Amino acid sequence: MEFAFTDEQLMIKDTAESYLSEVSTSAAIRQAMETELGYDRQQWQSVCSDLYWQAIHTPEQYGGMALGYVELVAMQEQMGRFLFCSPFFSTVCLALNSLLLAATEEQKQHYIPLLLQGKTATLAFVGSNAACFGGQWDDEAIEIVAVKNTEGFRLSGEARYVIDAASSDYLIVAAKAHRAVNLFIVPADYDGIEVEWLPTMDQTRKQGNLTFHDVQVSSSALLGGEADAQQTLTVILNLATIALAAEQMGGAQGIMDMAVEYSKERVQFGRAIAGFQAIKHKAADMMTRVEVARSGVYYAACIAEQALQAAQQGQAIDTLALQEAASICKAYCSDAYFKNTAEAMQIHGGVGFTWEYDVHLHFKRAKASEHYLGNASYHRERLAQLLLEGEAPL
Amino acid sequence: MKLEFSPEDEQFRAEVASWLEQNLTGEFEPIRYRGGPGDEHMFQEERKAWEQRMAEGGWTGIGWPKEYGGRALSIEQQVIFNEEYARAGGPGRVGHIGEGLAGPTIIAFGSDQQKQKYLPGILSGKELWCQGYSEPGAGSDLANVKTKARFDEEKQQWLINGQKVWTSLAHESDYCFVIARTDPDSVGHKGLGFFLIKMDQPGIEVRPITQITGTSEFNEVFFDDALCDADDIVGVPGDGWKVAMGLLGFERGVSTLGQQMQFQNELNEIIRIAKGNGASNDPAIRQRIAQAHMELKMMRYNSMRMLSGQASDGSLQREGLIYKLFWATWHRNLGELAMDVLGPESQILESGPYQLSRLQAMYLFVRSDTIYGGTNQIQRNIIAERGLGMPKEKR
């Protein structure tokens, strides 16, 4: 059985681990999070030119490294673990996946190399409706409307919770067209697009609000064709969800490591608090969550890889398997990451409540990631629908 | 990284499935899906006959080395066997303590004479074994065993005195492997011996324990000058703890996927009931069913990670360390979910005086999952100490 990293995958993981442990220090995170941009632009450029991470799963014909989703997920895990502030998630996991799945060949040839050269992009889809019932992340929550006209399409409406909205060079936008969902790509500085940077509780990842004031785009901005892209959007979101879950799992590991290390140093009653069962048992539960999450995330990564392979070869994607895998790992990792950060704060005691210690950085990122792309309850309900109303038993 | 088994392994899967289909039928039809946890007291004779049928088919000792009559199958094929066995509804194995614990221990630590004397009986399914570890004063603190073994120079035999508890299948077993104190002044894991003891003798009395299920799978075993031949100590006096713990290091979890197949059967039944009685419309129940499904699926991939693990020294890796805590807690939660899906009907028995349905028996029995084989609390200590390098408890 080969449900383990290959030597090459292990090497990729090790490289990411050693690079990030060096650059994504507490000081670096804090410096980045205090800016509106949210990351160090120079550093991101050097990641793009020296490490080429942004190209990890892009096929060779567009200049990518042609590795798989397992490799991408391995990177995401490490970025989450070290809370790396960068546009990797928005550009690679949201935008590049959108291009790979939805764009025409001509659009891929045009846009993908731009992103591989270091341009950034994101995906804007839901409006403030996404907050209904505690979080709804399907195409129902799309509020941008596309109206076809002689020059192409006119886009109007708002998108909210857009990751890296204010710093992206390109925007991929989901809009409701006549009886269909369509995806568009536009430069972020395009006429009529109002970009609002939003202050966020988690400062390590930026969000924004986009308002489209009757934005006229040509039909070449339409990704793919006019056919309903709702299913494609679902696949894109499921792929992004798996990548986000990987980051959450890495974060759950990172905060556990921090708490365990602290408990070994902190002395009370004449001994390290790590020796108390009350602390050990919390830590054991944290590790259990991390390891189960890891098993789930890599299973989902394999399913995601199969979906991407199928798409590339023009075959049908097993959308049910992908949806199931995405919901399983997002539901579990959302809970696991948040619980681990909450326990870590408790283990740290008073200092965990200070701005100075890094516990709150993970604590805040955990809640932010939990509520992006659907929280645990949302994904459990999606699973319940597959299990209780689905045609095919899972 | 891949999720699939190799084509050769899938070929083997077909072979197993076909053998089971041809053999687990006729006289064995009534024992399909029976004799599992909570039901181990049922169909003992039939299950013993089944064990012998398995032996004839070459399906016992599949992981044992060939020189001892095993088939030395790969980890993958052992997993597949267990998975197909559970899928086909194969009954709880009465021979599993011999095949999975006594045999491998004898192979690893026993003398040639012990190998010749005991291994064939285990492989043929004719001789059953039970495990004498826990005692009233030695539960989580297993090293605190008080049972004594004294060598009688005159008889040239060991005399065993003391009490074991939670011994499953003791009344059906031909032999028991027992850890007992050879050095009466010793404490803890020092001064213990590992003995192979014949059950059918005047010095041994077996008393069933009635559990909360109303049934008795577990027993107390009393040793009152029970005899054990001089040749039937494994290793030397003082080696007992090493021998008893030796197996834990080799455990790679080949049976876990089979166990999960049984869990899946239970979850499927719960889902069927929920759809039938409308519990599936309750948002809280929907969340819990989804959670159970999700964690079972992750458990499967956790086992696959465990089985793909690269550590060749056999030491449990992180995903292996957490496994007992995770599955036991999951299963305990499943029992509660089953009752909550059934609602008030969960309280009505199949018949009097105390005949439980499968799910009712499961609900009650799973309370023991988080206790036996290392309680959840002990598991957490082990995880924190071995997995996270936190300070060790006093032992």
# chains A, B, ... in the order shown; residues from 1 in each chain; ligands from 1

$ residues_around --residues "Ala300 in chain A" --least-positions-apart "3" --cutoff "10 Å" --atoms "only C-alpha atoms" --output "PyMOL selection string"
(chain A and resi 69-70+73+238-239+241-243+245-246+294-297+303-306+321-330) or (chain B and resi 3+298+301)

$ residues_around --residues "Ala66 in chain A" --least-positions-apart "3" --cutoff "12 Å" --atoms "only C-alpha atoms" --output "list in words"
Tyr52, Trp53, Gln54, Ala55, Ile56, His57, Thr58, Pro59, Glu60, Gln61, Tyr62, Gly63, Tyr69, Val70, Glu71, Leu72, Glu305, Leu308, Gln309 and Gln312 of chain A

$ write_last_selection --atoms "C-alpha atoms" --output "PDB file, in the first residue's frame"
ATOM      1  CA  TYR A  52       8.403  28.417  -8.138  1.00  0.00           C
ATOM      2  CA  TRP A  53       5.777  27.257  -5.634  1.00  0.00           C
ATOM      3  CA  GLN A  54       2.989  29.029  -7.489  1.00  0.00           C
ATOM      4  CA  ALA A  55       3.551  26.637 -10.410  1.00  0.00           C
ATOM      5  CA  ILE A  56       3.443  23.462  -8.376  1.00  0.00           C
ATOM      6  CA  HIS A  57       0.417  21.741  -9.913  1.00  0.00           C
ATOM      7  CA  THR A  58       0.189  23.594 -13.214  1.00  0.00           C
ATOM      8  CA  PRO A  59       0.747  21.332 -16.228  1.00  0.00           C
ATOM      9  CA  GLU A  60       3.951  21.627 -18.196  1.00  0.00           C
ATOM     10  CA  GLN A  61       2.377  23.079 -21.319  1.00  0.00           C
ATOM     11  CA  TYR A  62       1.609  26.290 -19.397  1.00  0.00           C
ATOM     12  CA  GLY A  63       5.055  26.413 -17.864  1.00  0.00           C
ATOM     13  CA  TYR A  69      -2.504  18.038  -5.739  1.00  0.00           C
ATOM     14  CA  VAL A  70      -0.840  15.925  -3.051  1.00  0.00           C
ATOM     15  CA  GLU A  71       2.244  18.110  -3.461  1.00  0.00           C
ATOM     16  CA  LEU A  72       0.140  21.263  -3.382  1.00  0.00           C
ATOM     17  CA  GLU A 305      -5.692  14.770  -7.829  1.00  0.00           C
ATOM     18  CA  LEU A 308      -7.788  17.234 -11.818  1.00  0.00           C
ATOM     19  CA  GLN A 309      -6.351  14.384 -13.871  1.00  0.00           C
ATOM     20  CA  GLN A 312      -7.126  17.434 -17.906  1.00  0.00           C
TER      21      GLN A 312
END

$ interface_residues --of "chain A" --to "chain B" --cutoff "7 Å" --atoms "only C-alpha atoms" --output "list of chain:residue names"
A:Met1, A:Glu2, A:Phe3, A:Ala4, A:Phe5, A:Thr6, A:Ala274, A:Gly275, A:Lys280, A:His281, A:Ala283, A:Ala284, A:Thr288, A:Glu291, A:Val292, A:Ser295, A:Gly296, A:Tyr299, A:Cys302, A:Ile328, A:Ser377, A:Arg380, A:Glu381, A:Leu383, A:Ala384, A:Leu388

$ select_by_dssp --residues "range 195-368 of chain B" --states "strand (DSSP E or B)" --output "compact mmCIF listing (two decimals) with N, CA, C and O atoms, in the first residue's frame"
# COMPACT_ATOMS: atom_id res chain seq x y z
N PHE B 195 3.64 -17.75 31.21
CA PHE B 195 3.36 -19.19 31.29
C PHE B 195 2.26 -19.62 30.32
O PHE B 195 1.30 -18.88 30.08
N LEU B 196 2.43 -20.84 29.81
CA LEU B 196 1.42 -21.45 28.94
C LEU B 196 0.74 -22.54 29.76
O LEU B 196 1.38 -23.54 30.11
N ILE B 197 -0.52 -22.35 30.08
CA ILE B 197 -1.17 -23.21 31.07
C ILE B 197 -2.39 -23.91 30.49
O ILE B 197 -3.23 -23.27 29.82
N LYS B 198 -2.48 -25.20 30.76
CA LYS B 198 -3.62 -26.01 30.32
C LYS B 198 -4.82 -25.66 31.20
O LYS B 198 -4.72 -25.62 32.43
N ILE B 204 -7.86 -25.00 38.38
CA ILE B 204 -8.38 -23.81 37.70
C ILE B 204 -9.91 -23.78 37.74
O ILE B 204 -10.56 -24.77 37.42
N GLU B 205 -10.44 -22.64 38.15
CA GLU B 205 -11.89 -22.48 38.15
C GLU B 205 -12.26 -21.23 37.36
O GLU B 205 -11.66 -20.16 37.54
N VAL B 206 -13.24 -21.38 36.47
CA VAL B 206 -13.68 -20.26 35.63
C VAL B 206 -15.07 -19.81 36.06
O VAL B 206 -15.97 -20.63 36.17
N ARG B 207 -15.23 -18.54 36.37
CA ARG B 207 -16.55 -18.01 36.72
C ARG B 207 -16.91 -16.88 35.76
O ARG B 207 -16.20 -15.88 35.67
N PRO B 208 -18.04 -17.03 35.07
CA PRO B 208 -18.44 -15.97 34.13
C PRO B 208 -18.81 -14.68 34.86
O PRO B 208 -19.30 -14.72 35.98
N ASN B 219 -14.74 -13.51 31.88
CA ASN B 219 -14.74 -14.42 33.03
C ASN B 219 -13.71 -13.99 34.05
O ASN B 219 -12.77 -13.26 33.75
N GLU B 220 -13.89 -14.55 35.24
CA GLU B 220 -12.82 -14.55 36.22
C GLU B 220 -12.19 -15.94 36.17
O GLU B 220 -12.90 -16.93 35.99
N VAL B 221 -10.90 -16.01 36.34
CA VAL B 221 -10.22 -17.31 36.37
C VAL B 221 -9.42 -17.39 37.66
O VAL B 221 -8.60 -16.51 37.94
N PHE B 222 -9.71 -18.43 38.45
CA PHE B 222 -9.03 -18.62 39.73
C PHE B 222 -7.99 -19.74 39.62
O PHE B 222 -8.31 -20.83 39.12
N PHE B 223 -6.79 -19.47 40.06
CA PHE B 223 -5.72 -20.46 40.04
C PHE B 223 -5.41 -20.86 41.48
O PHE B 223 -5.04 -20.01 42.30
N ASP B 224 -5.60 -22.14 41.79
CA ASP B 224 -5.36 -22.63 43.14
C ASP B 224 -4.42 -23.83 43.01
O ASP B 224 -4.86 -24.95 42.75
N ASP B 225 -3.11 -23.56 43.14
CA ASP B 225 -2.10 -24.58 42.86
C ASP B 225 -2.29 -25.21 41.48
O ASP B 225 -2.17 -26.43 41.31
N ALA B 226 -2.61 -24.36 40.52
CA ALA B 226 -2.71 -24.86 39.15
C ALA B 226 -1.30 -25.23 38.69
O ALA B 226 -0.32 -24.60 39.08
N LEU B 227 -1.22 -26.28 37.84
CA LEU B 227 0.09 -26.80 37.44
C LEU B 227 0.48 -26.31 36.05
O LEU B 227 -0.36 -26.19 35.16
N CYS B 228 1.77 -26.06 35.92
CA CYS B 228 2.31 -25.69 34.61
C CYS B 228 3.66 -26.38 34.46
O CYS B 228 4.52 -26.26 35.34
N ASP B 229 3.82 -27.11 33.36
CA ASP B 229 5.07 -27.86 33.17
C ASP B 229 6.28 -26.92 33.15
O ASP B 229 6.17 -25.78 32.70
N ILE B 233 7.22 -22.37 30.43
CA ILE B 233 7.46 -20.94 30.65
C ILE B 233 8.14 -20.41 29.39
O ILE B 233 9.04 -21.05 28.84
N VAL B 234 7.66 -19.28 28.89
CA VAL B 234 8.26 -18.68 27.69
C VAL B 234 9.40 -17.77 28.14
O VAL B 234 9.18 -16.87 28.95
N SER B 351 -37.16 -9.33 23.20
CA SER B 351 -38.00 -10.24 23.98
C SER B 351 -37.47 -10.29 25.40
O SER B 351 -36.36 -9.83 25.68
N GLN B 355 -33.49 -9.89 26.16
CA GLN B 355 -32.93 -10.14 24.83
C GLN B 355 -32.78 -8.81 24.09
O GLN B 355 -33.77 -8.21 23.66

$ residues_around --residues "range 165-175 of chain B" --least-positions-apart "3" --cutoff "10 Å" --atoms "only C-alpha atoms" --output "PyMOL selection string"
chain B and resi 40-41+44-45+48+94-95+97-98+102+118+121+126-139+178+196-200+205-209+216-222+372

$ atom_distance --atom1 "CA of Gln347 in chain B" --atom2 "CA of His331 in chain B"
19.7 Å

$ residues_around --residues "Ala175 in chain A" --least-positions-apart "3" --cutoff "6 Å" --atoms "only C-alpha atoms" --output "ChimeraX atom specification"
/A:144-146,181-182

$ write_last_selection --atoms "C-alpha atoms" --output "short mmCIF file (atom, residue, chain, number, x, y, z; two decimals), in the first residue's frame"
data_model
loop_
_atom_site.label_atom_id
_atom_site.label_comp_id
_atom_site.auth_asym_id
_atom_site.auth_seq_id
_atom_site.Cartn_x
_atom_site.Cartn_y
_atom_site.Cartn_z
CA ILE A 144 -23.20 39.67 -9.06
CA VAL A 145 -25.38 39.66 -12.14
CA ALA A 146 -24.11 39.38 -15.71
CA VAL A 181 -23.62 30.79 -13.52
CA ASN A 182 -20.77 32.28 -15.54
#

$ select_by_dssp --residues "range 47-292 of chain A" --states "alpha helix (DSSP H)" --output "PyMOL selection string"
chain A and resi 69-81+88+97-102+105-116+230-265+277-292

$ residues_around --residues "range 81-90 of chain B" --least-positions-apart "3" --cutoff "8 Å" --atoms "only C-alpha atoms" --output "list in words"
Arg13, Val16, Ala17, Leu20, Glu21, Leu24, Ile31, Arg32, Tyr33, Arg34, Gln77, Gln78, Val254, Ser255, Leu257, Gly258, Gln259, Met261 and Gln262 of chain B

$ residues_around --residues "range 358-371 of chain A" --least-positions-apart "6" --cutoff "6 Å" --atoms "only C-alpha atoms" --output "ChimeraX atom specification"
/A:202,334,337-338,341,352

$ write_last_selection --atoms "N, CA and C atoms" --output "PDB file, in the first residue's frame"
ATOM      1  N   ASP A 202      -8.798  38.322  11.936  1.00  0.00           N
ATOM      2  CA  ASP A 202      -7.552  37.626  11.600  1.00  0.00           C
ATOM      3  C   ASP A 202      -6.783  38.526  10.643  1.00  0.00           C
ATOM      4  N   SER A 334     -11.835  22.129  10.352  1.00  0.00           N
ATOM      5  CA  SER A 334     -12.325  23.378  10.948  1.00  0.00           C
ATOM      6  C   SER A 334     -12.442  23.208  12.458  1.00  0.00           C
ATOM      7  N   TYR A 337      -8.752  22.501  14.071  1.00  0.00           N
ATOM      8  CA  TYR A 337      -7.863  23.664  14.188  1.00  0.00           C
ATOM      9  C   TYR A 337      -8.362  24.592  15.285  1.00  0.00           C
ATOM     10  N   PHE A 338      -9.669  24.874  15.258  1.00  0.00           N
ATOM     11  CA  PHE A 338     -10.174  25.789  16.276  1.00  0.00           C
ATOM     12  C   PHE A 338      -9.994  25.212  17.680  1.00  0.00           C
ATOM     13  N   THR A 341      -6.452  25.456  18.870  1.00  0.00           N
ATOM     14  CA  THR A 341      -5.994  26.805  19.250  1.00  0.00           C
ATOM     15  C   THR A 341      -6.610  27.213  20.588  1.00  0.00           C
ATOM     16  N   GLY A 352      -1.074  33.437  27.124  1.00  0.00           N
ATOM     17  CA  GLY A 352      -1.754  33.111  25.865  1.00  0.00           C
ATOM     18  C   GLY A 352      -2.787  34.146  25.490  1.00  0.00           C
TER      19      GLY A 352
END

$ residues_around --residues "Arg47 in chain B" --least-positions-apart "3" --cutoff "9 Å" --atoms "only C-alpha atoms" --output "number ranges by chain"
B: 28, 31, 35, 42-44, 50-52, 91-94

$ write_last_selection --atoms "all heavy atoms" --output "CSV table (one decimal), in the first residue's frame"
chain,number,residue,atom,x,y,z
B,28,PHE,N,-23.1,-23.0,8.1
B,28,PHE,CA,-22.5,-21.8,8.7
B,28,PHE,C,-23.4,-20.5,8.5
B,28,PHE,O,-23.0,-19.5,9.0
B,28,PHE,CB,-21.1,-21.6,8.2
B,28,PHE,CG,-20.2,-22.7,8.6
B,28,PHE,CD1,-19.5,-23.5,7.6
B,28,PHE,CD2,-19.9,-23.0,9.9
B,28,PHE,CE1,-18.7,-24.5,7.9
B,28,PHE,CE2,-19.1,-24.1,10.2
B,28,PHE,CZ,-18.5,-24.8,9.3
B,31,ILE,N,-24.4,-18.4,11.5
B,31,ILE,CA,-23.4,-17.6,12.3
B,31,ILE,C,-22.8,-16.4,11.6
B,31,ILE,O,-21.9,-15.7,12.1
B,31,ILE,CB,-22.2,-18.5,12.8
B,31,ILE,CG1,-21.5,-19.1,11.6
B,31,ILE,CG2,-22.8,-19.6,13.7
B,31,ILE,CD1,-20.2,-19.9,12.1
B,35,GLY,N,-21.3,-13.4,16.8
B,35,GLY,CA,-20.1,-13.7,17.6
B,35,GLY,C,-19.1,-12.5,17.7
B,35,GLY,O,-18.0,-12.7,18.1
B,42,MET,N,-22.1,-16.4,21.9
B,42,MET,CA,-23.1,-17.1,21.0
B,42,MET,C,-22.4,-18.0,20.0
B,42,MET,O,-21.3,-17.8,19.5
B,42,MET,CB,-24.0,-16.1,20.3
B,42,MET,CG,-24.8,-15.2,21.1
B,42,MET,SD,-26.0,-16.1,22.1
B,42,MET,CE,-27.2,-16.7,20.8
B,43,PHE,N,-23.1,-19.1,19.8
B,43,PHE,CA,-22.7,-20.1,18.7
B,43,PHE,C,-21.2,-20.6,18.8
B,43,PHE,O,-20.5,-20.7,17.9
B,43,PHE,CB,-22.9,-19.4,17.3
B,43,PHE,CG,-24.3,-19.0,17.0
B,43,PHE,CD1,-24.6,-17.7,17.0
B,43,PHE,CD2,-25.2,-20.0,16.6
B,43,PHE,CE1,-25.9,-17.3,16.7
B,43,PHE,CE2,-26.5,-19.6,16.3
B,43,PHE,CZ,-26.9,-18.3,16.4
B,44,GLN,N,-20.8,-20.9,20.0
B,44,GLN,CA,-19.4,-21.3,20.3
B,44,GLN,C,-19.1,-22.5,19.5
B,44,GLN,O,-18.0,-22.6,18.8
B,44,GLN,CB,-19.2,-21.5,21.7
B,44,GLN,CG,-19.5,-20.3,22.6
B,44,GLN,CD,-18.3,-19.6,23.0
B,44,GLN,OE1,-17.2,-20.0,22.7
B,44,GLN,NE2,-18.4,-18.4,23.7
B,50,TRP,N,-16.3,-23.7,12.4
B,50,TRP,CA,-16.0,-22.7,11.3
B,50,TRP,C,-14.5,-22.5,11.3
B,50,TRP,O,-13.9,-22.4,10.3
B,50,TRP,CB,-16.8,-21.4,11.5
B,50,TRP,CG,-16.3,-20.3,10.6
B,50,TRP,CD1,-15.7,-19.2,11.1
B,50,TRP,CD2,-16.3,-20.2,9.2
B,50,TRP,NE1,-15.4,-18.4,10.0
B,50,TRP,CE2,-15.8,-19.0,8.8
B,50,TRP,CE3,-16.8,-21.1,8.2
B,50,TRP,CZ2,-15.6,-18.6,7.5
B,50,TRP,CZ3,-16.7,-20.7,6.9
B,50,TRP,CH2,-16.1,-19.5,6.5
B,51,GLU,N,-13.9,-22.4,12.5
B,51,GLU,CA,-12.5,-22.1,12.6
B,51,GLU,C,-11.7,-23.2,11.9
B,51,GLU,O,-10.7,-23.0,11.2
B,51,GLU,CB,-12.1,-22.0,14.1
B,51,GLU,CG,-10.8,-21.3,14.4
B,51,GLU,CD,-10.8,-19.9,14.1
B,51,GLU,OE1,-11.8,-19.2,14.1
B,51,GLU,OE2,-9.7,-19.3,13.9
B,52,GLN,N,-12.2,-24.4,12.1
B,52,GLN,CA,-11.5,-25.6,11.5
B,52,GLN,C,-11.7,-25.6,9.9
B,52,GLN,O,-10.8,-26.0,9.2
B,52,GLN,CB,-12.0,-26.9,12.1
B,52,GLN,CG,-11.5,-27.0,13.5
B,52,GLN,CD,-12.1,-28.1,14.4
B,52,GLN,OE1,-12.7,-29.0,13.9
B,52,GLN,NE2,-12.1,-27.9,15.7
B,91,PRO,N,-18.1,-14.7,11.0
B,91,PRO,CA,-18.4,-14.6,12.5
B,91,PRO,C,-17.1,-14.3,13.3
B,91,PRO,O,-16.0,-14.4,12.8
B,91,PRO,CB,-18.9,-16.1,12.8
B,91,PRO,CG,-18.2,-16.9,11.8
B,91,PRO,CD,-18.1,-16.1,10.5
B,92,GLY,N,-17.4,-13.8,14.5
B,92,GLY,CA,-16.3,-13.5,15.4
B,92,GLY,C,-15.4,-14.7,15.5
B,92,GLY,O,-15.9,-15.8,15.7
B,93,ARG,N,-14.1,-14.5,15.4
B,93,ARG,CA,-13.1,-15.6,15.4
B,93,ARG,C,-12.9,-16.1,16.8
B,93,ARG,O,-12.2,-15.4,17.6
B,93,ARG,CB,-11.8,-15.2,14.7
B,93,ARG,CG,-11.9,-14.7,13.3
B,93,ARG,CD,-11.9,-15.9,12.3
B,93,ARG,NE,-10.7,-16.8,12.5
B,93,ARG,CZ,-9.5,-16.6,11.9
B,93,ARG,NH1,-9.3,-15.5,11.2
B,93,ARG,NH2,-8.6,-17.4,12.2
B,94,VAL,N,-13.3,-17.4,17.1
B,94,VAL,CA,-13.0,-17.9,18.4
B,94,VAL,C,-11.5,-18.2,18.5
B,94,VAL,O,-11.0,-18.3,19.6
B,94,VAL,CB,-13.7,-19.2,18.7
B,94,VAL,CG1,-15.2,-18.9,19.1
B,94,VAL,CG2,-13.6,-20.2,17.6
